[in-house]
Each structure stands twice: as structure tokens, then as C-alpha cells.
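Shown below: structure.cif, with mmCIF, C-alpha atoms.
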```cif
data_protein
loop_
_atom_site.group_PDB
_atom_site.id
_atom_site.type_symbol
_atom_site.label_atom_id
_atom_site.label_comp_id
_atom_site.auth_asym_id
_atom_site.auth_seq_id
_atom_site.Cartn_x
_atom_site.Cartn_y
_atom_site.Cartn_z
ATOM 1 C CA MET M 1 -13.845 -22.290 59.882
ATOM 2 C CA SER M 2 -13.294 -20.080 56.856
ATOM 3 C CA VAL M 3 -13.642 -22.126 53.720
ATOM 4 C CA ARG M 4 -13.078 -20.549 50.354
ATOM 5 C CA ARG M 5 -13.126 -21.961 46.856
ATOM 6 C CA ILE M 6 -10.306 -21.660 44.332
ATOM 7 C CA GLU M 7 -11.421 -22.194 40.744
ATOM 8 C CA VAL M 8 -8.714 -24.176 38.954
ATOM 9 C CA ARG M 9 -10.001 -25.696 35.674
ATOM 10 C CA GLU M 10 -6.582 -27.122 34.884
ATOM 11 C CA ARG M 11 -6.209 -30.178 32.671
ATOM 12 C CA VAL M 12 -4.465 -32.932 34.576
ATOM 13 C CA MET M 13 -2.457 -33.889 31.487
ATOM 14 C CA ALA M 14 -1.322 -30.308 30.873
ATOM 15 C CA ARG M 15 2.202 -30.748 32.192
ATOM 16 C CA ASN M 16 2.798 -33.983 30.263
ATOM 17 C CA ASP M 17 1.424 -32.389 27.100
ATOM 18 C CA LEU M 18 3.700 -29.381 27.557
ATOM 19 C CA ILE M 19 6.752 -31.615 27.916
ATOM 20 C CA ALA M 20 5.591 -33.694 24.934
ATOM 21 C CA ALA M 21 5.315 -30.557 22.821
ATOM 22 C CA SER M 22 8.878 -29.693 23.790
ATOM 23 C CA VAL M 23 10.061 -33.187 22.782
ATOM 24 C CA ARG M 24 8.233 -32.882 19.454
ATOM 25 C CA ALA M 25 9.797 -29.492 18.728
ATOM 26 C CA ARG M 26 13.256 -30.830 19.544
ATOM 27 C CA LEU M 27 12.793 -33.848 17.278
ATOM 28 C CA ASP M 28 11.383 -31.669 14.484
ATOM 29 C CA ALA M 29 14.384 -29.370 14.706
ATOM 30 C CA ALA M 30 16.687 -32.400 14.497
ATOM 31 C CA GLY M 31 14.768 -33.896 11.556
ATOM 32 C CA VAL M 32 14.019 -37.091 13.468
ATOM 33 C CA ALA M 33 10.855 -39.100 12.811
ATOM 34 C CA ALA M 34 9.396 -40.333 16.099
ATOM 35 C CA LEU M 35 7.031 -43.278 16.385
ATOM 36 C CA ASN M 36 5.235 -44.484 19.501
ATOM 37 C CA LEU M 37 4.539 -48.237 19.367
ATOM 38 C CA VAL M 38 1.527 -49.294 21.420
ATOM 39 C CA SER M 39 0.086 -52.779 21.850
ATOM 40 C CA SER M 40 -0.969 -55.367 24.365
ATOM 41 C CA PRO M 41 1.846 -57.457 25.875
ATOM 42 C CA GLY M 42 3.061 -60.087 23.449
ATOM 43 C CA ALA M 43 1.723 -58.537 20.257
ATOM 44 C CA GLY M 44 5.179 -58.607 18.729
ATOM 45 C CA LYS M 45 6.637 -55.105 19.147
ATOM 46 C CA THR M 46 10.122 -56.309 20.028
ATOM 47 C CA LEU M 47 10.209 -59.001 17.342
ATOM 48 C CA LEU M 48 9.082 -56.429 14.787
ATOM 49 C CA LEU M 49 11.968 -54.178 15.823
ATOM 50 C CA GLU M 50 14.500 -57.018 15.832
ATOM 51 C CA ARG M 51 13.608 -57.835 12.226
ATOM 52 C CA THR M 52 13.563 -54.142 11.335
ATOM 53 C CA LEU M 53 17.054 -53.647 12.730
ATOM 54 C CA ASP M 54 18.307 -56.692 10.835
ATOM 55 C CA ASP M 55 16.760 -55.619 7.528
ATOM 56 C CA ILE M 56 17.185 -51.842 7.404
ATOM 57 C CA GLY M 57 19.190 -50.962 10.506
ATOM 58 C CA PRO M 58 22.342 -50.291 8.495
ATOM 59 C CA ALA M 59 20.509 -47.990 6.056
ATOM 60 C CA LEU M 60 18.233 -46.142 8.459
ATOM 61 C CA ARG M 61 19.759 -44.797 11.652
ATOM 62 C CA LEU M 62 17.335 -46.092 14.287
ATOM 63 C CA ALA M 63 17.306 -45.074 17.930
ATOM 64 C CA ILE M 64 15.076 -47.102 20.211
ATOM 65 C CA VAL M 65 13.700 -46.461 23.675
ATOM 66 C CA THR M 66 11.969 -49.407 25.310
ATOM 67 C CA GLY M 67 9.506 -49.152 28.172
ATOM 68 C CA ASP M 68 8.855 -52.040 30.507
ATOM 69 C CA VAL M 69 7.385 -52.370 33.976
ATOM 70 C CA GLN M 70 10.312 -54.560 34.995
ATOM 71 C CA THR M 71 13.502 -55.889 33.351
ATOM 72 C CA GLU M 72 15.538 -54.586 30.455
ATOM 73 C CA ASN M 73 14.864 -57.759 28.460
ATOM 74 C CA ASP M 74 13.505 -55.978 25.391
ATOM 75 C CA ALA M 75 16.397 -53.527 25.264
ATOM 76 C CA ASN M 76 18.880 -56.391 25.618
ATOM 77 C CA ARG M 77 17.185 -58.338 22.823
ATOM 78 C CA LEU M 78 17.321 -55.324 20.521
ATOM 79 C CA ALA M 79 20.888 -54.440 21.448
ATOM 80 C CA ALA M 80 21.942 -57.784 19.986
ATOM 81 C CA HIS M 81 20.749 -56.534 16.578
ATOM 82 C CA THR M 82 22.429 -53.140 16.478
ATOM 83 C CA SER M 83 25.590 -51.397 17.514
ATOM 84 C CA ARG M 84 23.572 -48.258 18.212
ATOM 85 C CA LEU M 85 22.285 -47.327 21.647
ATOM 86 C CA VAL M 86 19.049 -48.908 22.848
ATOM 87 C CA GLN M 87 17.689 -47.069 25.855
ATOM 88 C CA ALA M 88 15.672 -48.983 28.446
ATOM 89 C CA VAL M 89 13.146 -47.231 30.657
ATOM 90 C CA VAL M 90 12.025 -49.415 33.555
ATOM 91 C CA THR M 91 8.860 -47.860 34.919
ATOM 92 C CA ASN M 92 8.852 -49.861 38.188
ATOM 93 C CA GLY M 93 5.119 -50.400 38.146
ATOM 94 C CA GLY M 94 4.092 -47.572 35.837
ATOM 95 C CA CYS M 95 1.835 -48.887 33.089
ATOM 96 C CA HIS M 96 2.965 -46.478 30.356
ATOM 97 C CA LEU M 97 5.778 -44.203 29.273
ATOM 98 C CA ASP M 98 5.361 -40.469 29.785
ATOM 99 C CA ALA M 99 6.914 -37.455 28.110
ATOM 100 C CA LEU M 100 9.296 -36.732 30.987
ATOM 101 C CA GLN M 101 10.746 -40.240 30.774
ATOM 102 C CA VAL M 102 11.287 -39.750 27.041
ATOM 103 C CA THR M 103 12.982 -36.403 27.675
ATOM 104 C CA THR M 104 15.371 -38.091 30.100
ATOM 105 C CA ALA M 105 16.017 -40.986 27.720
ATOM 106 C CA LEU M 106 16.805 -38.564 24.876
ATOM 107 C CA GLU M 107 19.728 -37.144 26.823
ATOM 108 C CA ALA M 108 21.715 -40.212 25.742
ATOM 109 C CA VAL M 109 20.552 -40.191 22.109
ATOM 110 C CA ALA M 110 22.633 -38.395 19.473
ATOM 111 C CA LEU M 111 19.762 -36.841 17.545
ATOM 112 C CA ASP M 112 22.052 -35.418 14.862
ATOM 113 C CA ASP M 113 23.028 -39.018 14.084
ATOM 114 C CA THR M 114 19.475 -40.382 14.092
ATOM 115 C CA ASP M 115 16.811 -40.732 11.388
ATOM 116 C CA VAL M 116 14.075 -42.499 13.320
ATOM 117 C CA LEU M 117 13.283 -42.641 17.031
ATOM 118 C CA ILE M 118 11.089 -45.556 18.035
ATOM 119 C CA LEU M 119 9.454 -45.522 21.444
ATOM 120 C CA GLU M 120 8.428 -49.064 22.333
ATOM 121 C CA ASN M 121 5.796 -48.358 24.946
ATOM 122 C CA VAL M 122 4.848 -50.588 27.860
ATOM 123 C CA GLY M 123 2.660 -53.466 26.672
ATOM 124 C CA ASN M 124 -0.833 -52.244 27.483
ATOM 125 C CA LEU M 125 -3.759 -51.212 25.290
ATOM 126 C CA VAL M 126 -5.340 -48.839 27.823
ATOM 127 C CA CYS M 127 -2.928 -46.503 29.601
ATOM 128 C CA PRO M 128 -0.398 -45.596 26.867
ATOM 129 C CA ALA M 129 -3.231 -44.322 24.697
ATOM 130 C CA SER M 130 -3.700 -41.322 26.983
ATOM 131 C CA TRP M 131 -0.083 -40.133 27.164
ATOM 132 C CA ASP M 132 1.470 -38.016 24.450
ATOM 133 C CA LEU M 133 5.207 -38.755 24.252
ATOM 134 C CA GLY M 134 6.057 -36.143 21.652
ATOM 135 C CA GLU M 135 5.818 -38.564 18.749
ATOM 136 C CA ARG M 136 4.619 -37.661 15.260
ATOM 137 C CA HIS M 137 3.313 -41.150 14.501
ATOM 138 C CA ARG M 138 1.367 -43.441 16.758
ATOM 139 C CA VAL M 139 1.537 -47.075 15.714
ATOM 140 C CA THR M 140 -0.797 -49.621 17.283
ATOM 141 C CA LEU M 141 -0.029 -53.315 16.886
ATOM 142 C CA CYS M 142 -2.615 -56.062 17.106
ATOM 143 C CA SER M 143 -1.651 -59.697 16.642
ATOM 144 C CA VAL M 144 -3.962 -62.202 15.026
ATOM 145 C CA THR M 145 -3.936 -64.321 18.185
ATOM 146 C CA GLU M 146 -5.704 -61.581 20.147
ATOM 147 C CA GLY M 147 -9.145 -61.789 18.537
ATOM 148 C CA GLU M 148 -10.921 -59.581 16.041
ATOM 149 C CA ASP M 149 -12.721 -57.410 18.589
ATOM 150 C CA LYS M 150 -9.717 -55.689 20.206
ATOM 151 C CA PRO M 151 -10.311 -52.384 18.355
ATOM 152 C CA LEU M 152 -13.853 -52.304 19.751
ATOM 153 C CA LYS M 153 -12.779 -53.270 23.270
ATOM 154 C CA TYR M 154 -9.903 -50.768 23.382
ATOM 155 C CA PRO M 155 -11.044 -48.038 21.001
ATOM 156 C CA LYS M 156 -8.749 -45.253 22.197
ATOM 157 C CA ALA M 157 -5.604 -47.238 21.392
ATOM 158 C CA PHE M 158 -6.821 -47.621 17.814
ATOM 159 C CA ALA M 159 -8.642 -44.303 17.373
ATOM 160 C CA ASN M 160 -5.399 -42.371 17.970
ATOM 161 C CA ALA M 161 -3.281 -44.511 15.655
ATOM 162 C CA ASP M 162 -1.814 -43.296 12.389
ATOM 163 C CA LEU M 163 -0.793 -46.831 11.495
ATOM 164 C CA VAL M 164 -2.206 -50.168 12.637
ATOM 165 C CA LEU M 165 0.062 -53.175 12.203
ATOM 166 C CA LEU M 166 -1.703 -56.522 12.198
ATOM 167 C CA THR M 167 1.087 -58.826 13.320
ATOM 168 C CA LYS M 168 1.858 -62.553 13.282
ATOM 169 C CA VAL M 169 -0.118 -63.161 10.079
ATOM 170 C CA ASP M 170 2.069 -66.227 9.453
ATOM 171 C CA LEU M 171 -0.053 -67.922 12.145
ATOM 172 C CA LEU M 172 -3.334 -67.443 10.256
ATOM 173 C CA PRO M 173 -3.443 -70.996 8.828
ATOM 174 C CA TYR M 174 -3.580 -72.332 12.382
ATOM 175 C CA LEU M 175 -6.254 -69.997 13.746
ATOM 176 C CA ARG M 176 -9.958 -69.402 13.460
ATOM 177 C CA PHE M 177 -9.573 -65.757 12.669
ATOM 178 C CA ASP M 178 -11.456 -63.373 10.393
ATOM 179 C CA MET M 179 -8.913 -60.816 9.166
ATOM 180 C CA GLU M 180 -11.504 -58.798 7.242
ATOM 181 C CA ARG M 181 -13.573 -58.486 10.406
ATOM 182 C CA LEU M 182 -10.577 -57.201 12.357
ATOM 183 C CA GLU M 183 -9.843 -54.612 9.667
ATOM 184 C CA GLN M 184 -13.507 -53.616 9.637
ATOM 185 C CA ASN M 185 -13.371 -53.122 13.427
ATOM 186 C CA VAL M 186 -10.273 -50.946 13.066
ATOM 187 C CA ARG M 187 -12.115 -48.888 10.442
ATOM 188 C CA THR M 188 -15.098 -48.532 12.778
ATOM 189 C CA VAL M 189 -13.029 -46.655 15.370
ATOM 190 C CA ASN M 190 -10.507 -45.097 12.971
ATOM 191 C CA PRO M 191 -11.459 -44.760 9.305
ATOM 192 C CA ASP M 192 -8.221 -42.940 8.451
ATOM 193 C CA ALA M 193 -5.579 -45.295 9.851
ATOM 194 C CA VAL M 194 -3.209 -47.054 7.489
ATOM 195 C CA ILE M 195 -3.522 -50.812 8.057
ATOM 196 C CA LEU M 196 -0.718 -53.238 7.230
ATOM 197 C CA ARG M 197 -0.643 -57.025 7.584
ATOM 198 C CA THR M 198 2.779 -58.110 8.781
ATOM 199 C CA SER M 199 4.823 -61.035 9.971
ATOM 200 C CA ALA M 200 8.281 -60.495 11.370
ATOM 201 C CA VAL M 201 8.828 -64.261 10.980
ATOM 202 C CA SER M 202 7.857 -64.790 7.336
ATOM 203 C CA GLY M 203 8.639 -61.227 6.289
ATOM 204 C CA GLU M 204 5.154 -60.642 4.838
ATOM 205 C CA GLY M 205 4.264 -56.972 4.806
ATOM 206 C CA MET M 206 7.595 -55.875 6.247
ATOM 207 C CA GLN M 207 8.566 -53.908 3.146
ATOM 208 C CA ALA M 208 5.390 -51.825 3.495
ATOM 209 C CA TRP M 209 6.397 -51.111 7.120
ATOM 210 C CA TYR M 210 9.865 -50.059 5.952
ATOM 211 C CA ASP M 211 8.297 -47.849 3.289
ATOM 212 C CA TYR M 212 6.215 -46.213 6.033
ATOM 213 C CA LEU M 213 9.379 -45.561 8.057
ATOM 214 C CA GLN M 214 11.114 -44.131 5.002
ATOM 215 C CA CYS M 215 8.151 -41.868 4.300
ATOM 216 C CA ALA M 216 8.090 -40.748 7.954
ATOM 217 C CA THR M 217 11.796 -39.957 7.686
ATOM 218 C CA GLU M 218 11.284 -37.838 4.576
ATOM 219 C CA ASN M 219 8.420 -35.985 6.254
ATOM 220 C CA ALA M 220 10.641 -35.318 9.274
ATOM 221 C CA ARG M 221 13.334 -33.828 7.052
ATOM 222 C CA GLU M 222 10.745 -31.598 5.418
ATOM 223 C CA ARG M 223 9.607 -30.408 8.852
ATOM 224 C CA GLN M 224 13.235 -29.761 9.778
ATOM 225 C CA SER M 225 13.678 -27.616 6.672
ATOM 226 C CA ALA M 226 10.497 -25.743 7.496
ATOM 227 C CA THR M 227 11.614 -25.026 11.063
ATOM 228 C CA MET M 228 15.118 -23.893 10.099
ATOM 229 C CA PRO M 229 15.639 -20.152 10.404
ATOM 230 C CA THR M 230 15.827 -18.412 7.059
ATOM 231 C CA ALA M 231 19.385 -17.445 6.125
ATOM 232 C CA ILE M 232 19.979 -13.730 6.260
ATOM 233 C CA SER M 233 21.614 -12.517 3.101
ATOM 234 C CA SER M 234 23.710 -9.404 3.316
ATOM 235 C CA MET X 1 -3.678 -48.884 36.265
ATOM 236 C CA HIS X 2 -2.858 -45.419 34.975
ATOM 237 C CA GLU X 3 -5.191 -43.942 37.590
ATOM 238 C CA LEU X 4 -2.216 -43.738 39.990
ATOM 239 C CA SER X 5 -0.313 -41.584 37.485
ATOM 240 C CA ILE X 6 -3.394 -39.410 37.062
ATOM 241 C CA ALA X 7 -3.814 -39.139 40.837
ATOM 242 C CA LEU X 8 -0.174 -38.058 41.241
ATOM 243 C CA GLU X 9 -0.673 -35.375 38.590
ATOM 244 C CA ILE X 10 -3.785 -34.197 40.438
ATOM 245 C CA CYS X 11 -1.740 -33.851 43.646
ATOM 246 C CA ARG X 12 0.883 -31.863 41.720
ATOM 247 C CA VAL X 13 -1.806 -29.462 40.469
ATOM 248 C CA ILE X 14 -3.202 -29.079 44.003
ATOM 249 C CA GLU X 15 0.219 -28.335 45.487
ATOM 250 C CA GLU X 16 0.863 -25.716 42.815
ATOM 251 C CA ARG X 17 -2.445 -24.016 43.497
ATOM 252 C CA LEU X 18 -2.409 -23.964 47.282
ATOM 253 C CA PRO X 19 -1.095 -20.708 48.736
ATOM 254 C CA PRO X 20 2.655 -21.261 49.250
ATOM 255 C CA VAL X 21 3.013 -19.713 52.689
ATOM 256 C CA GLN X 22 1.536 -21.629 55.625
ATOM 257 C CA LEU X 23 -0.299 -24.285 53.607
ATOM 258 C CA PRO X 24 -4.015 -24.287 54.399
ATOM 259 C CA GLN X 25 -6.119 -27.385 54.878
ATOM 260 C CA LEU X 26 -7.678 -28.820 51.738
ATOM 261 C CA VAL X 27 -11.365 -29.414 52.466
ATOM 262 C CA GLU X 28 -12.739 -30.458 49.101
ATOM 263 C CA LEU X 29 -11.352 -31.328 45.687
ATOM 264 C CA GLY X 30 -13.549 -31.030 42.595
ATOM 265 C CA LEU X 31 -12.640 -33.111 39.545
ATOM 266 C CA ASP X 32 -14.128 -33.301 36.073
ATOM 267 C CA VAL X 33 -13.447 -36.680 34.475
ATOM 268 C CA GLY X 34 -14.160 -37.086 30.760
ATOM 269 C CA GLU X 35 -16.093 -40.134 29.646
ATOM 270 C CA ASP X 36 -13.512 -40.839 26.919
ATOM 271 C CA THR X 37 -10.491 -40.819 29.224
ATOM 272 C CA THR X 38 -10.406 -44.590 29.951
ATOM 273 C CA ILE X 39 -10.205 -43.641 33.631
ATOM 274 C CA GLU X 40 -11.895 -46.067 35.985
ATOM 275 C CA VAL X 41 -13.396 -43.701 38.549
ATOM 276 C CA ALA X 42 -13.400 -46.240 41.394
ATOM 277 C CA ASN X 43 -9.684 -46.856 40.838
ATOM 278 C CA LEU X 44 -8.984 -43.125 40.747
ATOM 279 C CA GLU X 45 -10.905 -42.641 43.995
ATOM 280 C CA PHE X 46 -8.903 -45.450 45.587
ATOM 281 C CA CYS X 47 -5.601 -43.839 44.533
ATOM 282 C CA LEU X 48 -6.704 -40.402 45.709
ATOM 283 C CA ASP X 49 -7.856 -41.782 49.064
ATOM 284 C CA THR X 50 -4.329 -43.052 49.592
ATOM 285 C CA LEU X 51 -2.528 -39.944 48.372
ATOM 286 C CA LEU X 52 -4.843 -37.534 50.171
ATOM 287 C CA ALA X 53 -4.341 -39.245 53.509
ATOM 288 C CA HIS X 54 -1.461 -36.954 54.442
ATOM 289 C CA PRO X 55 -1.121 -33.198 55.112
ATOM 290 C CA PRO X 56 -1.988 -30.810 53.578
ATOM 291 C CA PHE X 57 -4.610 -33.004 51.963
ATOM 292 C CA ALA X 58 -5.727 -35.108 54.933
ATOM 293 C CA GLY X 59 -9.460 -35.548 55.148
ATOM 294 C CA ALA X 60 -10.306 -33.801 51.902
ATOM 295 C CA THR X 61 -13.511 -34.834 50.191
ATOM 296 C CA VAL X 62 -13.239 -35.724 46.526
ATOM 297 C CA VAL X 63 -16.184 -34.759 44.315
ATOM 298 C CA ILE X 64 -16.022 -36.275 40.842
ATOM 299 C CA ALA X 65 -18.273 -35.141 37.996
ATOM 300 C CA ARG X 66 -18.384 -37.117 34.746
ATOM 301 C CA ARG X 67 -18.221 -34.927 31.640
ATOM 302 C CA HIS X 68 -18.305 -35.480 27.914
ATOM 303 C CA GLY X 69 -14.978 -35.629 26.131
ATOM 304 C CA GLY X 70 -11.456 -36.815 26.772
ATOM 305 C CA ASP X 71 -10.154 -34.347 29.357
ATOM 306 C CA THR X 72 -9.703 -34.681 33.077
ATOM 307 C CA ARG X 73 -9.500 -31.425 34.995
ATOM 308 C CA VAL X 74 -9.004 -30.259 38.525
ATOM 309 C CA SER X 75 -12.115 -28.134 38.646
ATOM 310 C CA TYR X 76 -11.834 -26.433 42.037
ATOM 311 C CA LEU X 77 -10.288 -26.598 45.489
ATOM 312 C CA GLU X 78 -11.996 -25.660 48.713
ATOM 313 C CA ILE X 79 -9.546 -24.714 51.435
ATOM 314 C CA ASP X 80 -9.794 -23.692 55.057
ATOM 315 C CA ASP X 81 -7.386 -20.820 55.679
ATOM 316 C CA GLU X 82 -7.934 -20.990 59.438
ATOM 317 C CA ARG X 83 -6.670 -24.556 59.654
ATOM 318 C CA PRO X 84 -3.135 -24.317 58.342
ATOM 319 C CA THR X 85 -1.049 -27.453 58.237
ATOM 320 C CA HIS X 86 2.628 -27.408 59.078
#
```
Please lay out the structure from this file as C-alpha cells.
Amino acid sequence: MSVRRIEVRERVMARNDLIAASVRARLDAAGVAALNLVSSPGAGKTLLLERTLDDIGPALRLAIVTGDVQTENDANRLAAHTSRLVQAVVTNGGCHLDALQVTTALEAVALDDTDVLILENVGNLVCPASWDLGERHRVTLCSVTEGEDKPLKYPKAFANADLVLLTKVDLLPYLRFDMERLEQNVRTVNPDAVILRTSAVSGEGMQAWYDYLQCATENARERQSATMPTAISS
Amino acid sequence: MHELSIALEICRVIEERLPPVQLPQLVELGLDVGEDTTIEVANLEFCLDTLLAHPPFAGATVVIARRHGGDTRVSYLEIDDERPTH
């Protein structure tokens, strides 16, 4: 027996991160703002997007990729609110989207006719937090029916978020729920995140969400300008 | 749940690092698992036991070290060049 050791030291996520970087560069070059929506199942990602498509879909060119373990239900729901393509990724047991799946899904998306790409991740507060999809903005949703301690129980999902949407606030009158405590728990794991209270049913807070999307779009266009090759004057 | 995805990535790294001609037997796999990775080590071990049950991985021992931080790395491979698998 002749056993020898090969030192490797390779990060397991290296390949995904490399593909994600490629996705990000492609979206930057196209001037597309990309958001990765993460939440537990049932937090209201799809309803948020249905209302978003109804309210600003005509003004903001939205492309959506949905991730689900089984069924294309979310994509079908969203397709009823837009004439634009909604891409469904069925992971067949996978508990998160990965950068390669996004790369494949983008093959069908006309990026030059898109302002915002929204990646509706698989409903799960653990696994999606570890996978970079090439987005510029990570958005974590937490509904008021889930309890105030979710940010403490699932810190990575909130620590990586640029924006935290507290959803279903129209239900607050019917719940024993301390909104300030939830926001304090978000701040504990992520002092820098923007926090918005929203309801896709009553419309509360939705304008602030649309303003965030608009701002993300403007930032994407600035990045596109910055990545464009300088014109050579002769 | 995502431990299966992680385990598949680990197998990809191993396959890339094993000498390409006449694959040798993998004897031991060293992993560093960060404490902030949200990886459940028992689940990862279960997934690896399943995936490493076939050549050229069959019988390999998995040695997992917990580390600070959020990275998971394939630290080292120990291979037996005199026991090639076909």
C-alpha cells in the first residue's frame, strides 16, 4: 500500500461563486438590476410579485425566475399578471437555486429588454442563504405570522440581506405580534439592512418597495455605464 | 437539506483532483467545515457515506474538522496509487 496525501484547500462553493460572478458581470453589462428573494415557504414572495407586476409591471420591465422543489405553480400564478416571460426552475428536491440554474434560465431572458431580474428562490430560510446567484441585491422576506424570533433562529438569511421586507402587516390586528421586537432582532444580526413593512393585500409599504426597485434599476444603469468600454476618438 | 448539494460539490472537487489516468483509490478525505456555514455535519456525513460508496471513492474515510468562519473546503485527499480502480 502506497498512500500519499494531496493538499487541496479548495472552497467547495468555488465553482458556484465563479458562475455567480459571471452572471453578475453579464447582468451589469446589460444594465439589469438583479434581486434574490429569500424567505420561508408561505411568507408571501409570489403574492408580493403578483401585486408588483400589477402595479408597476407596465412601467418597469420585470423578468422573473421562480424556484420550486416541485410544480410550476408560482410561475403560472405570475404569468397571469404579465405578458413577459416567467421562467420556472423546478429543482426536483433541491432546496435552493444555484448559479448554474440561473445561467440556464437566463438563456431565455432578453436582457436588453429587461430592467429588473427577480429570482424567487425556493422557500427556505437556511439553504438559499449560502448560494450566490449573481444578484446585486438580496431581499429576505419575513411575514408577521412567523414570529419575531426568525432573524435570531436563521441569522444567515438576514445577515446577508440588503433589504428585509416584513410582509402581511395587514394581519397585525389579528395577531399577538411585536413588530418593534422583530425589527430589533433584524438589527441584531444586520444593522445595515433596509427594513420595510409591507402588505401586498392592503398596499401598505408597497410604494417604498417600488422605490427600492427603481433605485436598484438606476444603480444598475450606472454600473452599465461604468463597465462600457470608453469610446475611442480618432 | 443543502448538505446533499454540498456533498455533490465535494465529489466534483475530488474527481478533479484525482490523477486522471488509472484512477487511484481514495483512502481518506479531509474536510474543513466552517461554523457559520449552516451545514449540519451529521447530514453531510450521511450524504457523503452514500456518495462515497462507489468507485473510486469506495471505503474512503471522511475526516471533518470544524473551523471558524463561513467556508467549507476540501482540505486534503489521501490516495493509494497501488490500488487503482477501473
Residues of chain X within 10 Å of chain M: nearest atom pair and distance (Å, one decimal) for each, counting only C-alpha atoms, sorted by chain and number, as a tab-separated table?
```
residue	atom	partner	partner_atom	distance
X:Met1	CA	M:Cys95	CA	6.4
X:His2	CA	M:Cys127	CA	5.5
X:Glu3	CA	M:Cys127	CA	8.7
X:Leu4	CA	M:Gly94	CA	8.5
X:Ser5	CA	M:Gly94	CA	7.6
X:Ile6	CA	M:Val12	CA	7.0
X:Ala7	CA	M:Val12	CA	8.8
X:Leu8	CA	M:Val12	CA	9.4
X:Glu9	CA	M:Val12	CA	6.0
X:Ile10	CA	M:Val12	CA	6.0
X:Cys11	CA	M:Val12	CA	9.5
X:Arg12	CA	M:Val12	CA	9.0
X:Val13	CA	M:Val12	CA	7.3
X:Ile14	CA	M:Val8	CA	8.9
X:Arg17	CA	M:Val8	CA	7.7
X:Leu18	CA	M:Ile6	CA	8.7
X:Pro24	CA	M:Val3	CA	9.9
X:Gln25	CA	M:Val3	CA	9.3
X:Leu26	CA	M:Val3	CA	9.2
X:Val27	CA	M:Val3	CA	7.7
X:Glu28	CA	M:Arg5	CA	8.8
X:Leu29	CA	M:Arg5	CA	9.6
X:Gly30	CA	M:Val8	CA	9.1
X:Leu31	CA	M:Arg9	CA	8.8
X:Asp32	CA	M:Arg9	CA	8.7
X:Val33	CA	M:Val12	CA	9.7
X:Asp36	CA	M:Lys156	CA	8.0
X:Thr37	CA	M:Ser130	CA	7.2
X:Thr38	CA	M:Val126	CA	6.9
X:Ile39	CA	M:Cys127	CA	8.8
X:Gly70	CA	M:Ser130	CA	9.0
X:Asp71	CA	M:Arg11	CA	6.6
X:Thr72	CA	M:Arg11	CA	5.7
X:Arg73	CA	M:Arg11	CA	4.2
X:Val74	CA	M:Glu10	CA	5.4
X:Ser75	CA	M:Arg9	CA	4.4
X:Tyr76	CA	M:Glu7	CA	4.5
X:Leu77	CA	M:Ile6	CA	5.1
X:Glu78	CA	M:Arg5	CA	4.3
X:Ile79	CA	M:Val3	CA	5.4
X:Asp80	CA	M:Val3	CA	4.4
X:Asp81	CA	M:Ser2	CA	6.1
X:Glu82	CA	M:Ser2	CA	6.0
X:Arg83	CA	M:Met1	CA	7.5
```
*What does the distance from CA of Ala42 in chain X to CA of Thr61 in chain X come to in Å, to one decimal?*
14.4 Å
*Hits of the PyMOL selection byres ((chain M and resi 86) around 7) in this structure, as a list in words*: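 The output of the PyMOL selection byres ((chain M and resi 86) around 7) on this file is Ala63, Ile64, Val65, Ala75, Ala79, Arg84, Leu85, Gln87 and Ala88 of chain M.
Applied to this file, the PyMOL selection byres ((chain M and resi 104) around 12) selects Ile19, Ala20, Val23, Val65, Gln87, Ala88, Val89, Leu97, Asp98, Ala99, Leu100, Gln101, Val102, Thr103, Ala105, Leu106, Glu107, Ala108, Val109 and Leu133 of chain M.
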*Answer key for the PyMOL selection byres ((chain M and resi 209-226) around 6), residues as a PyMOL selection string*: chain M and resi 28-29+31-33+206-208+227-228
_I'd like the interatomic distance between CA of Thr114 in chain M and CA of Ile195 in chain M, to a tenth of an Å._
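Here the two named atoms are 26.0 Å from each other.
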Padding 8 Å on every side, please: axis-aligned box over the listed atoms of range 41-48 of chain M, centre and edge lengths to one decimal in Å, as lines of an AutoDock Vina configuration file.
```
center_x = 6.0
center_y = -57.6
center_z = 20.3
size_x = 24.5
size_y = 21.0
size_z = 27.1
```
Saving range 64-81 of chain X with C-alpha atoms, as an mmCIF file, in the first residue's frame, what would that file be?
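Output contents, as saved in out-v3.cif:
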```cif
data_model
loop_
_atom_site.group_PDB
_atom_site.id
_atom_site.type_symbol
_atom_site.label_atom_id
_atom_site.label_comp_id
_atom_site.auth_asym_id
_atom_site.auth_seq_id
_atom_site.Cartn_x
_atom_site.Cartn_y
_atom_site.Cartn_z
ATOM 1 C CA ILE X 64 -14.219 16.582 9.257
ATOM 2 C CA ALA X 65 -12.649 19.465 11.174
ATOM 3 C CA ARG X 66 -14.804 22.369 12.358
ATOM 4 C CA ARG X 67 -13.253 25.775 11.680
ATOM 5 C CA HIS X 68 -14.180 29.367 12.341
ATOM 6 C CA GLY X 69 -15.842 31.252 9.521
ATOM 7 C CA GLY X 70 -18.229 30.595 6.676
ATOM 8 C CA ASP X 71 -16.176 28.475 4.277
ATOM 9 C CA THR X 72 -16.202 24.771 3.620
ATOM 10 C CA ARG X 73 -13.080 23.380 1.994
ATOM 11 C CA VAL X 74 -11.780 20.094 0.740
ATOM 12 C CA SER X 75 -8.605 20.158 2.771
ATOM 13 C CA TYR X 76 -6.751 17.081 1.523
ATOM 14 C CA LEU X 77 -7.086 13.715 -0.179
ATOM 15 C CA GLU X 78 -5.166 10.599 0.708
ATOM 16 C CA ILE X 79 -4.934 8.162 -2.176
ATOM 17 C CA ASP X 80 -3.461 4.731 -2.701
ATOM 18 C CA ASP X 81 -1.715 4.658 -6.075
#
```
